[in-house]
Each structure stands twice: as C-alpha cells, then as structure tokens.
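What follows is the content of structure-v8.cif (mmCIF, C-alpha atoms).
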```
data_final
loop_
_atom_site.label_atom_id
_atom_site.label_comp_id
_atom_site.auth_asym_id
_atom_site.auth_seq_id
_atom_site.Cartn_x
_atom_site.Cartn_y
_atom_site.Cartn_z
CA VAL H 1379 0.00 0.00 0.00
CA THR H 1380 1.54 3.30 -1.08
CA THR H 1381 1.62 6.54 0.86
CA ASN H 1382 -0.94 8.18 -1.41
CA GLN H 1383 -3.22 5.19 -1.14
CA CYS H 1384 -3.05 5.37 2.64
CA LYS H 1385 -3.95 9.04 2.49
CA ILE H 1386 -7.02 8.06 0.50
CA CYS H 1387 -7.87 5.48 3.18
CA VAL H 1388 -7.76 8.02 5.95
CA ARG H 1389 -9.76 10.56 4.00
CA TRP H 1390 -12.43 7.94 3.34
CA VAL H 1391 -12.84 6.69 6.90
CA THR H 1392 -12.46 10.07 8.62
CA GLY H 1393 -13.68 12.52 6.01
CA ALA H 1394 -10.60 14.65 6.64
CA ALA H 1395 -7.87 15.52 4.16
CA VAL H 1396 -4.34 14.44 5.15
CA SER H 1397 -1.24 16.47 4.42
CA SER H 1398 2.12 15.04 3.42
CA SER H 1399 3.95 15.77 6.66
CA GLU H 1400 6.10 12.93 7.96
CA SER H 1401 4.16 12.68 11.23
CA GLU H 1402 0.83 12.35 9.49
CA MET H 1403 2.16 9.63 7.21
CA SER H 1404 2.35 7.38 10.25
CA VAL H 1405 -1.35 7.98 10.76
CA CYS H 1406 -1.99 6.97 7.17
CA PHE H 1407 -0.10 3.69 7.39
CA GLU H 1408 -1.63 2.80 10.76
CA ALA H 1409 -5.11 3.54 9.38
CA SER H 1410 -4.62 1.14 6.49
CA LYS H 1411 -4.38 -1.72 8.98
CA PHE H 1412 -8.02 -1.22 9.94
CA LEU H 1413 -9.45 -1.39 6.42
CA PRO H 1414 -10.85 -4.70 5.11
CA LYS H 1415 -8.63 -6.58 2.68
CA ASP H 1416 -11.22 -6.42 -0.08
CA VAL H 1417 -11.09 -2.61 0.07
CA LEU H 1418 -7.30 -2.54 0.13
CA ARG H 1419 -7.28 -4.50 -3.09
CA HIS H 1420 -9.23 -1.65 -4.70
CA LEU H 1421 -6.61 0.88 -3.62
CA SER H 1422 -4.20 -0.20 -6.34
CA ASP H 1423 -6.36 1.69 -8.76
CA PHE H 1424 -7.65 5.07 -7.59
CA THR H 1425 -10.49 5.10 -10.13
CA GLU H 1426 -11.72 1.77 -8.90
CA PHE H 1427 -11.50 2.94 -5.29
CA ALA H 1428 -13.39 6.15 -6.06
CA GLN H 1429 -16.16 4.00 -7.48
CA ALA H 1430 -16.01 1.65 -4.51
CA ARG H 1431 -16.43 4.44 -1.95
CA SER H 1432 -19.76 5.35 -3.56
CA ARG H 1433 -21.10 1.82 -3.17
CA SER H 1434 -23.36 1.74 -0.15
CA ALA H 1435 -22.51 -1.94 0.43
CA PHE H 1436 -19.06 -0.91 1.76
CA ARG H 1437 -20.27 1.76 4.18
CA PRO H 1438 -21.49 -0.31 7.13
CA ARG H 1439 -18.13 -2.04 7.40
CA TYR H 1440 -16.44 1.15 8.59
CA ARG H 1441 -18.83 1.93 11.43
CA ASN H 1442 -16.31 0.66 14.01
CA ALA H 1443 -13.12 1.80 12.22
CA THR H 1444 -10.43 3.56 14.26
CA VAL H 1445 -7.09 5.22 13.53
CA PHE H 1446 -4.10 5.94 15.71
CA GLY H 1447 -3.22 9.45 16.81
CA VAL H 1448 -0.48 11.46 15.17
CA ALA H 1449 3.12 10.30 15.73
CA ASN H 1450 4.89 11.78 18.77
CA GLN H 1451 1.55 11.92 20.58
CA LYS H 1452 0.12 9.32 22.91
CA GLN H 1453 -1.05 6.32 20.87
CA THR H 1454 -4.81 6.30 21.59
CA ARG H 1455 -7.60 5.16 19.32
CA GLN H 1456 -10.31 7.61 18.43
CA PRO H 1457 -13.71 6.70 16.94
CA ILE H 1458 -14.29 7.62 13.33
CA SER H 1459 -16.83 10.30 12.49
CA ARG H 1460 -18.02 9.58 8.97
CA PRO H 1461 -19.02 12.52 6.76
CA LYS H 1462 -22.78 12.98 6.79
CA VAL H 1463 -25.07 13.84 3.93
CA THR H 1464 -28.48 15.45 4.23
CA PRO H 1465 -31.02 12.92 2.95
CA LYS H 1466 -33.68 13.75 0.40
CA LEU H 1467 -35.98 10.93 1.48
CA ILE H 1468 -36.64 8.88 4.63
CA VAL H 1469 -37.63 5.21 4.32
CA THR H 1470 -38.85 3.62 7.52
CA ASP H 1471 -39.90 0.26 8.84
CA VAL H 1472 -43.14 0.40 10.82
CA ASP H 1473 -43.38 -2.14 13.66
CA GLY H 1474 -40.53 -1.76 16.13
CA THR H 1475 -39.37 1.41 14.41
CA LEU H 1476 -41.93 4.06 13.51
CA LEU H 1477 -44.44 2.68 16.03
CA ASN H 1478 -43.74 1.94 19.68
CA SER H 1479 -44.36 -1.42 21.36
CA SER H 1480 -48.01 -0.50 21.87
CA GLN H 1481 -48.45 -0.01 18.09
CA GLU H 1482 -48.73 3.74 18.60
CA LEU H 1483 -47.37 6.60 16.54
CA THR H 1484 -46.26 8.97 19.29
CA GLN H 1485 -46.81 12.69 19.03
CA LEU H 1486 -43.07 13.33 19.02
CA THR H 1487 -42.57 10.94 16.10
CA GLU H 1488 -45.43 12.52 14.18
CA ASP H 1489 -43.92 15.95 14.78
CA ALA H 1490 -40.54 14.74 13.52
CA VAL H 1491 -42.11 13.33 10.34
CA LYS H 1492 -43.83 16.63 9.65
CA ALA H 1493 -40.78 18.73 10.51
CA ALA H 1494 -38.69 16.74 8.03
CA ALA H 1495 -41.39 17.06 5.38
CA LEU H 1496 -41.51 20.83 5.87
CA VAL H 1497 -37.83 21.07 4.94
CA GLY H 1498 -38.32 18.88 1.88
CA VAL H 1499 -37.49 15.44 3.28
CA PRO H 1500 -40.66 13.29 3.11
CA THR H 1501 -41.13 9.86 4.69
CA ILE H 1502 -42.29 6.64 3.06
CA VAL H 1503 -42.98 3.35 4.83
CA ALA H 1504 -41.41 0.00 4.01
CA THR H 1505 -43.12 -2.74 5.98
CA GLY H 1506 -43.74 -6.44 6.01
CA LYS H 1507 -47.43 -5.78 6.65
CA THR H 1508 -50.26 -5.37 4.18
CA LYS H 1509 -51.76 -1.96 3.58
CA GLY H 1510 -54.42 -2.99 6.07
CA PRO H 1511 -56.50 -1.30 8.79
CA TRP H 1512 -53.41 0.01 10.64
CA SER H 1513 -52.45 2.16 7.65
CA LYS H 1514 -55.64 4.21 7.76
CA SER H 1515 -54.84 5.60 11.19
CA VAL H 1516 -51.06 5.91 10.75
CA LEU H 1517 -50.48 7.11 7.19
CA ARG H 1518 -52.87 10.07 7.43
CA ARG H 1519 -50.73 11.42 10.26
CA LEU H 1520 -47.56 11.34 8.14
CA GLY H 1521 -48.66 14.17 5.87
CA PRO H 1522 -49.44 14.10 2.13
CA ALA H 1523 -49.88 10.66 0.55
CA MET H 1524 -46.65 9.01 -0.55
CA PRO H 1525 -45.75 5.75 -2.31
CA GLY H 1526 -45.01 2.83 -0.01
CA VAL H 1527 -43.50 -0.66 0.20
CA TYR H 1528 -45.70 -3.35 1.74
CA CYS H 1529 -45.91 -7.09 2.26
CA GLN H 1530 -42.13 -7.41 2.77
CA GLY H 1531 -41.43 -5.60 -0.49
CA LEU H 1532 -43.71 -7.76 -2.61
CA VAL H 1533 -46.33 -5.07 -3.21
CA VAL H 1534 -45.53 -1.40 -3.89
CA TYR H 1535 -48.24 1.24 -4.02
CA ASP H 1536 -48.05 4.67 -5.63
CA ALA H 1537 -49.23 7.71 -3.73
CA ASP H 1538 -52.74 7.37 -5.22
CA GLY H 1539 -53.09 3.78 -4.00
CA THR H 1540 -52.37 2.15 -7.34
CA ILE H 1541 -50.22 -1.00 -7.24
CA ILE H 1542 -47.14 -0.26 -9.33
CA TYR H 1543 -45.09 -3.35 -8.42
CA SER H 1544 -46.13 -6.89 -7.52
CA ASN H 1545 -43.95 -9.97 -6.95
CA PRO H 1546 -46.11 -12.99 -6.03
CA LEU H 1547 -45.01 -16.50 -5.10
CA SER H 1548 -45.35 -19.24 -7.69
CA ALA H 1549 -48.12 -21.78 -7.10
CA GLN H 1550 -45.45 -24.46 -6.66
CA VAL H 1551 -43.72 -22.60 -3.81
CA VAL H 1552 -47.08 -21.95 -2.13
CA ALA H 1553 -47.84 -25.68 -2.32
CA GLU H 1554 -44.44 -26.51 -0.84
CA GLY H 1555 -45.00 -23.95 1.92
CA ILE H 1556 -48.29 -25.60 2.82
CA LEU H 1557 -46.56 -28.99 2.85
CA PHE H 1558 -43.79 -27.64 5.10
CA ALA H 1559 -46.24 -26.12 7.61
CA ASN H 1560 -48.26 -29.34 7.73
CA LYS H 1561 -45.11 -31.43 8.18
CA HIS H 1562 -44.13 -29.41 11.25
CA LYS H 1563 -47.72 -29.01 12.51
CA CYS H 1564 -47.55 -25.21 12.38
CA SER H 1565 -50.20 -22.65 11.49
CA LEU H 1566 -49.97 -20.87 8.15
CA VAL H 1567 -51.31 -17.61 6.69
CA ALA H 1568 -51.04 -16.33 3.13
CA PHE H 1569 -50.76 -12.64 2.23
CA SER H 1570 -52.51 -11.53 -0.95
CA LYS H 1571 -52.26 -7.78 -1.54
CA ASP H 1572 -54.26 -6.35 1.39
CA ARG H 1573 -55.89 -9.67 2.36
CA ILE H 1574 -54.72 -12.43 4.71
CA LEU H 1575 -55.97 -15.95 4.03
CA CYS H 1576 -55.80 -19.21 5.97
CA ASP H 1577 -57.32 -22.67 6.01
CA VAL H 1578 -58.81 -22.24 9.47
CA ARG H 1579 -58.26 -19.46 12.00
CA ASP H 1580 -56.62 -20.30 15.31
CA GLU H 1581 -54.69 -18.61 18.09
CA GLN H 1582 -51.55 -18.43 15.97
CA THR H 1583 -53.13 -17.08 12.78
CA ASP H 1584 -54.87 -14.36 14.81
CA ARG H 1585 -51.54 -13.02 16.03
CA VAL H 1586 -51.54 -10.79 12.93
CA LEU H 1587 -54.37 -8.83 14.56
CA ASP H 1588 -51.89 -7.56 17.14
CA PHE H 1589 -50.20 -5.56 14.37
CA GLY H 1590 -53.30 -3.86 12.99
CA GLU H 1591 -53.81 -6.30 10.15
CA ALA H 1592 -57.17 -7.40 8.75
CA ALA H 1593 -58.73 -10.51 10.25
CA PRO H 1594 -57.55 -13.68 8.47
CA GLU H 1595 -60.13 -15.05 6.04
CA GLU H 1596 -60.90 -18.76 6.32
CA VAL H 1597 -60.89 -20.28 2.83
CA GLY H 1598 -61.02 -23.98 3.73
CA SER H 1599 -57.95 -24.85 1.69
CA LEU H 1600 -55.26 -22.48 0.49
CA LEU H 1601 -54.49 -24.90 -2.32
CA GLY H 1602 -58.03 -24.44 -3.53
CA VAL H 1603 -57.68 -20.69 -4.12
CA LEU H 1604 -54.36 -20.68 -5.98
CA ASP H 1605 -56.14 -20.26 -9.32
CA GLU H 1606 -58.18 -17.35 -8.01
CA VAL H 1607 -55.75 -15.10 -6.10
CA GLU H 1608 -52.08 -14.15 -6.13
CA ILE H 1609 -50.23 -15.18 -2.98
CA HIS H 1610 -47.34 -12.83 -2.23
CA LYS H 1611 -45.93 -14.46 0.88
CA LEU H 1612 -46.59 -17.16 3.44
CA ILE H 1613 -46.00 -16.95 7.18
CA VAL H 1614 -45.45 -20.06 9.27
CA LEU H 1615 -46.57 -19.35 12.84
CA ALA H 1616 -45.66 -21.13 16.07
CA SER H 1617 -43.94 -20.41 19.36
CA ASP H 1618 -40.59 -18.62 19.20
CA GLU H 1619 -38.79 -21.80 20.23
CA ARG H 1620 -40.59 -23.91 17.65
CA ILE H 1621 -39.77 -21.53 14.80
CA ASP H 1622 -36.12 -21.44 15.89
CA ASP H 1623 -36.08 -25.26 15.87
CA ILE H 1624 -37.51 -25.63 12.35
CA ARG H 1625 -35.60 -22.73 10.76
CA PRO H 1626 -32.60 -24.91 9.72
CA ASP H 1627 -34.93 -27.41 8.04
CA ALA H 1628 -36.71 -24.55 6.28
CA GLU H 1629 -33.39 -23.15 5.01
CA THR H 1630 -32.67 -26.52 3.41
CA PHE H 1631 -36.22 -27.16 2.21
CA PHE H 1632 -36.55 -23.79 0.42
CA ALA H 1633 -32.88 -23.31 -0.49
CA GLU H 1634 -33.41 -23.09 -4.25
CA CYS H 1635 -36.98 -21.84 -4.51
CA ALA H 1636 -37.68 -19.17 -1.87
CA THR H 1637 -36.18 -16.59 0.48
CA LEU H 1638 -36.81 -16.77 4.23
CA THR H 1639 -36.89 -13.90 6.68
CA THR H 1640 -38.26 -12.97 10.09
CA ALA H 1641 -39.82 -9.67 11.11
CA VAL H 1642 -41.49 -10.87 14.32
CA SER H 1643 -40.37 -13.70 16.59
CA GLY H 1644 -42.41 -16.84 16.03
CA MET H 1645 -43.23 -15.90 12.44
CA LEU H 1646 -41.14 -17.39 9.62
CA GLU H 1647 -41.84 -15.68 6.32
CA ILE H 1648 -41.54 -17.38 2.92
CA LEU H 1649 -40.92 -14.95 0.05
CA PRO H 1650 -40.15 -15.31 -3.66
CA LEU H 1651 -36.52 -16.24 -4.26
CA GLY H 1652 -34.29 -13.16 -4.06
CA ALA H 1653 -37.05 -10.90 -2.77
CA SER H 1654 -36.57 -8.53 0.15
CA LYS H 1655 -37.81 -5.26 1.49
CA GLY H 1656 -34.50 -3.74 0.41
CA GLN H 1657 -34.90 -4.92 -3.17
CA ALA H 1658 -38.32 -3.28 -3.41
CA VAL H 1659 -37.05 -0.07 -1.79
CA SER H 1660 -34.30 0.06 -4.41
CA TRP H 1661 -36.91 -0.37 -7.15
CA LEU H 1662 -39.11 2.37 -5.68
CA LEU H 1663 -36.21 4.81 -5.27
CA ASN H 1664 -35.35 4.31 -8.93
CA TYR H 1665 -39.02 4.90 -9.80
CA MET H 1666 -38.97 8.11 -7.74
CA ASN H 1667 -35.58 9.14 -9.16
CA VAL H 1668 -33.96 9.30 -5.72
CA ALA H 1669 -30.39 8.02 -5.29
CA LEU H 1670 -29.56 5.43 -2.63
CA GLU H 1671 -26.88 7.70 -1.17
CA ASP H 1672 -29.49 10.45 -0.73
CA THR H 1673 -31.76 8.20 1.31
CA MET H 1674 -32.05 7.59 5.05
CA ALA H 1675 -33.50 4.29 6.27
CA LEU H 1676 -34.56 3.21 9.76
CA GLY H 1677 -35.27 -0.34 10.91
CA ASP H 1678 -34.94 -2.92 13.65
CA GLY H 1679 -35.32 -6.41 12.21
CA GLU H 1680 -33.75 -9.11 10.06
CA ASN H 1681 -36.02 -8.03 7.21
CA ASP H 1682 -34.50 -4.52 7.32
CA ILE H 1683 -30.86 -5.56 6.85
CA GLU H 1684 -30.60 -5.06 3.07
CA MET H 1685 -32.35 -1.70 3.31
CA LEU H 1686 -30.08 -0.47 6.09
CA GLU H 1687 -26.94 -1.56 4.24
CA MET H 1688 -27.63 0.02 0.89
CA VAL H 1689 -28.66 3.59 1.73
CA GLY H 1690 -26.56 6.63 2.50
CA ILE H 1691 -27.71 6.82 6.12
CA GLY H 1692 -28.78 3.53 7.69
CA VAL H 1693 -30.04 3.85 11.28
CA SER H 1694 -30.84 0.91 13.54
CA MET H 1695 -33.19 1.29 16.47
CA GLY H 1696 -32.02 0.66 20.03
CA ASN H 1697 -34.29 -2.41 20.07
CA ALA H 1698 -32.81 -3.79 16.83
CA THR H 1699 -31.64 -7.37 16.44
CA PRO H 1700 -27.84 -7.81 16.51
CA ARG H 1701 -27.70 -8.40 12.74
CA ALA H 1702 -29.76 -5.32 11.96
CA ALA H 1703 -27.64 -3.22 14.30
CA GLU H 1704 -24.47 -4.45 12.60
CA ALA H 1705 -25.88 -3.63 9.15
CA ALA H 1706 -26.55 0.02 9.99
CA ALA H 1707 -23.93 2.78 9.99
CA PHE H 1708 -25.72 4.63 12.79
CA SER H 1709 -27.96 3.82 15.74
CA THR H 1710 -30.56 5.61 17.82
CA ALA H 1711 -32.67 4.98 20.92
CA SER H 1712 -35.37 2.31 20.98
CA ASN H 1713 -38.86 2.70 19.56
CA ASP H 1714 -40.14 3.08 23.14
CA GLN H 1715 -37.65 5.88 23.85
CA GLU H 1716 -38.51 8.18 20.92
CA GLY H 1717 -35.59 6.84 18.91
CA TRP H 1718 -37.21 7.65 15.56
CA ALA H 1719 -37.63 11.33 16.38
CA ALA H 1720 -34.09 11.49 17.80
CA ALA H 1721 -32.68 10.08 14.55
CA ILE H 1722 -34.54 12.63 12.43
CA ASN H 1723 -33.30 15.45 14.64
CA GLU H 1724 -29.73 14.22 14.33
CA HIS H 1725 -29.51 13.27 10.66
CA VAL H 1726 -32.00 15.63 9.01
CA LEU H 1727 -32.96 18.72 11.03
CA LYS H 1728 -29.55 19.44 12.57
CA GLN H 1729 -27.84 18.92 9.23
CA ILE H 1730 -29.75 21.78 7.68
CA GLY H 1731 -29.69 24.02 10.75
CA CYS H 1732 -33.30 23.55 11.85
CA PRO H 1733 -34.48 23.38 15.45
CA GLU H 1734 -35.33 19.94 16.79
CA SER H 1735 -38.90 18.73 16.26
CA ASN H 1736 -39.74 18.76 19.96
CA ASN H 1737 -38.93 22.45 20.08
#
```
Mind converting the file's structure to structure tokens?
Amino acid sequence: VTTNQCKICVRWVTGAAVSSSESEMSVCFEASKFLPKDVLRHLSDFTEFAQARSRSAFRPRYRNATVFGVANQKQTRQPISRPKVTPKLIVTDVDGTLLNSSQELTQLTEDAVKAAALVGVPTIVATGKTKGPWSKSVLRRLGPAMPGVYCQGLVVYDADGTIIYSNPLSAQVVAEGILFANKHKCSLVAFSKDRILCDVRDEQTDRVLDFGEAAPEEVGSLLGVLDEVEIHKLIVLASDERIDDIRPDAETFFAECATLTTAVSGMLEILPLGASKGQAVSWLLNYMNVALEDTMALGDGENDIEMLEMVGIGVSMGNATPRAAEAAAFSTASNDQEGWAAAINEHVLKQIGCPESNN
C-alpha cells in the first residue's frame, strides 16, 4: 500500500484531508491496517476505489473503524466520524421502528415526520405488513400521501393507492410452503395484496391482529384458491422456540426456490426467491428518481438488513436485532424511547440548521 493510497484510506474513513507531513504519514499507514482486505485491493487503482467508496454496500463495514493518533503523541484510538449527507428521502420500517411497542405513533414521532417534510425530506414506509387497517390511522398522520412498500417488499403502491409493483409467489412454492407447515404441525397464513388468508383461524393465525392487520379469512384450503388469487408471501406461525427449531430445516427445504426472513419472533416468512424489502425499496427509489446515497433508512429487524446496508444513512433502532444493528452505519434509541424522532433530529434537522422537532 503506497503513501498516497493510505492518504485516501484516511480521508475515506475520517472525512478529513491528510497532508504530506512525515508525522501524518504514520497515521496513514496505521489507518490502512483497519481497512478490510477487499477494500485494500481496490486501492491499487484510484479510479476503482473512487467508485467503490460510492457503493453503499461498503459503508457499514467502517462503522467501528479507528485510527491511531499522530506520531509523537500518545497512541490512543479515536472513533471515526463519517461525513454525513443530508437525505432527500426517509424510508422507515413500521413495527418496532416508527411505532412503539403499543403499536402507537407517538406525538413526538409525528412531529418529527412533519418537521422533516416541511424542509423537503418526506417519509415513506417499508413494511412487512399489508396496507391494512393500521395504515388508515397511521399514514394520514404522516402528511401528504406518498408511495409505499408493503408485504415485505412484494407489493408497492403509488401515492394514489395504485399498485405499481407486484412480486407474487409461484403456485409451486405456495404448495411446498403448505406442505412444510403441515409437516411441522404449524399454522400458516397467506398474504394476498391487502388480504390475509388461511385454512382455518386459530390462536396463531390471529396473532396478525396484534399488528393492525385485517382478520384472516378462512378459505377452507389455500391450495383451492391458488387459481383465483395471487399469494405474495406465506408466514409459518408457532412459538418462538418452535420456529427457531424448524428454521434450519426450512433453510434446506426452500434453499433453491424461496427466500426466508423474520420480522417478528415466532413468524417465519416465505418470500419469492431473491425478494426482500431492500430490493423493493431500491426499485421504488429508482421509480422516484432518488439516489440510494441520498436516502435515510430506519429499521430494527432481520427483514431490514438489506435496506439499512444500501442507503446513504442507515439507522438501527435501540431495540434492533444484533444483525440489523451491525448492518446500519448509525444507531438511535429504541422505539419506546422516541428513537425515531431522535434520529430525524440528528440526521435531518440538525444537518440543515433547523431546530429539533420537539422544540
């Protein structure tokens, strides 16, 4: 690694230019030790590295980077402060993020949404839920209608309520999902746009009601309606321990035909192969002509990981799972401690010199 390449390293992880003084060269070379090997390989070609630094996939890896102090000073590690950008759009998960544990949109969060919108930074939701009953009470409080990502990224609505993107499961995968749930004696629900279907309702299927969803519709046999409706995703429901036990078998069973994720403990979701909330968010941002690096995303769960990794400002909630927290470049307080509003104050309002929303 050359001196100039090390200077580039330091500038990237700290956001500060480095001069050519002998003392600061030691900082450069020490800093290079904390960069991943795959990035160092890019340093042999400055053009390639310049492209790499714009790829959001690299950004989360530097959240814990440190560099040594200048030579002749005490050798202490200081945390890196990455350069911030002011986002043009906020994309947020709903349960565990925008809403608190009581499924409430707090007044402080609502104020933060509106304060950001007033300075030209609107909010759109990206949720694993349908656009069900919960949305009528929540979305109207977020200001003017906006597009949104629903059903774990499998259905995208425009601001006027029109479906502009749909990615349903194949009938074969639905049939295999039914077989898998029956094999493990678990309950199963199927999401179809804004409807939730099941063979027979039970205590497990009705758990979706806790999240403001529509009541599951009993159809007798899910197999019997495959020719009539599109099924976007399946959710296998059981106790937390039971889902943890069958997850390895599910990974093998659906390895080549579906993607698995979890948004809520005790609910294993079966999606079309390669689908994710992040993939749909990327599609919607392209549709809206908003760059990934100009976007802020907030989330707390496994299903938020791709979204948090790919945007310019990824923020995990204080209640986030370990994997979601690791995927995000920044963190905030939990959803029960006004973490959403705090993140907007920090990454949007303060960046453009506005007073905080609670003021």
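Residue selection for this entry, given the PyMOL selection byres ((chain H and resi 1548) around 10), comprises Asn1545, Pro1546, Leu1547, Ala1549, Gln1550, Val1551, Val1552, Ala1553, Leu1604, Glu1608, Ile1609, His1610, Lys1611, Cys1635, Ala1636, Leu1649, Pro1650 and Leu1651 of chain H.
Closest approach to H:Glu1591 among H:Glu1619, H:Asp1672, H:Glu1647, H:Asp1473: H:Asp1473, based on all atoms listed in the file.
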Closest pair table for stretch 1641-1716 of chain H residues within 12 Å of stretch 1580-1586 of chain H, only C-alpha atoms, as a Markdown table:
```
| residue | atom | partner | partner_atom | distance |
| --- | --- | --- | --- | --- |
| H:Ala1641 | CA | H:Val1586 | CA | 11.9 |
| H:Val1642 | CA | H:Val1586 | CA | 10.1 |
| H:Ser1643 | CA | H:Arg1585 | CA | 11.2 |
| H:Gly1644 | CA | H:Gln1582 | CA | 9.3 |
| H:Met1645 | CA | H:Gln1582 | CA | 9.4 |
```
Using only C-alpha atoms, can you tell me which of H:Val1534, H:Val1607, H:Leu1676, H:Leu1587 comes closest to H:Ala1719? H:Leu1676
Using all atoms of stretch 1544-1547 of chain H listed in the file and a margin of 8 Å per side, can you give the axis-aligned box centre and edge lengths in Å to one decimal, as AutoDock Vina command-line options?
```
--center_x -45.0 --center_y -11.7 --center_z -6.3 --size_x 18.2 --size_y 25.6 --size_z 18.4
```
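Atom CA of H:Met1695 lies 15.0 Å from atom CA of H:Ala1504.
Put simply, atom CA of H:Gly1506 is 21.6 Å away from atom CA of H:Ala1721.
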Identify, on the basis of all atoms listed in the file, every residue whose closest approach to H:Arg1519 does not exceed 12 Å; exclude the query and any residue fewer than 6 positions from it along the same chain; express the result as an NGL selection string. :H and (1476 or 1482-1492 or 1495 or 1501 or 1512-1513)
May I have the selected residues written with C-alpha atoms, as a JSON list (two decimals), in the frame of the given file?
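File produced: out.json:
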```
[["chain", "number", "residue", "atom", "x", "y", "z"],
["H", 1476, "LEU", "CA", -41.93, 4.06, 13.51],
["H", 1482, "GLU", "CA", -48.73, 3.74, 18.60],
["H", 1483, "LEU", "CA", -47.37, 6.60, 16.54],
["H", 1484, "THR", "CA", -46.26, 8.97, 19.29],
["H", 1485, "GLN", "CA", -46.81, 12.69, 19.03],
["H", 1486, "LEU", "CA", -43.07, 13.33, 19.02],
["H", 1487, "THR", "CA", -42.57, 10.94, 16.10],
["H", 1488, "GLU", "CA", -45.43, 12.52, 14.18],
["H", 1489, "ASP", "CA", -43.92, 15.95, 14.78],
["H", 1490, "ALA", "CA", -40.54, 14.74, 13.52],
["H", 1491, "VAL", "CA", -42.11, 13.33, 10.34],
["H", 1492, "LYS", "CA", -43.83, 16.63, 9.65],
["H", 1495, "ALA", "CA", -41.39, 17.06, 5.38],
["H", 1501, "THR", "CA", -41.13, 9.86, 4.69],
["H", 1512, "TRP", "CA", -53.41, 0.01, 10.64],
["H", 1513, "SER", "CA", -52.45, 2.16, 7.65]]
```
Using all atoms listed in the file, find the one residue out of H:Met1685, H:Ile1691, H:Val1567, H:Ala1705 that sits nearest to H:Val1597. H:Val1567
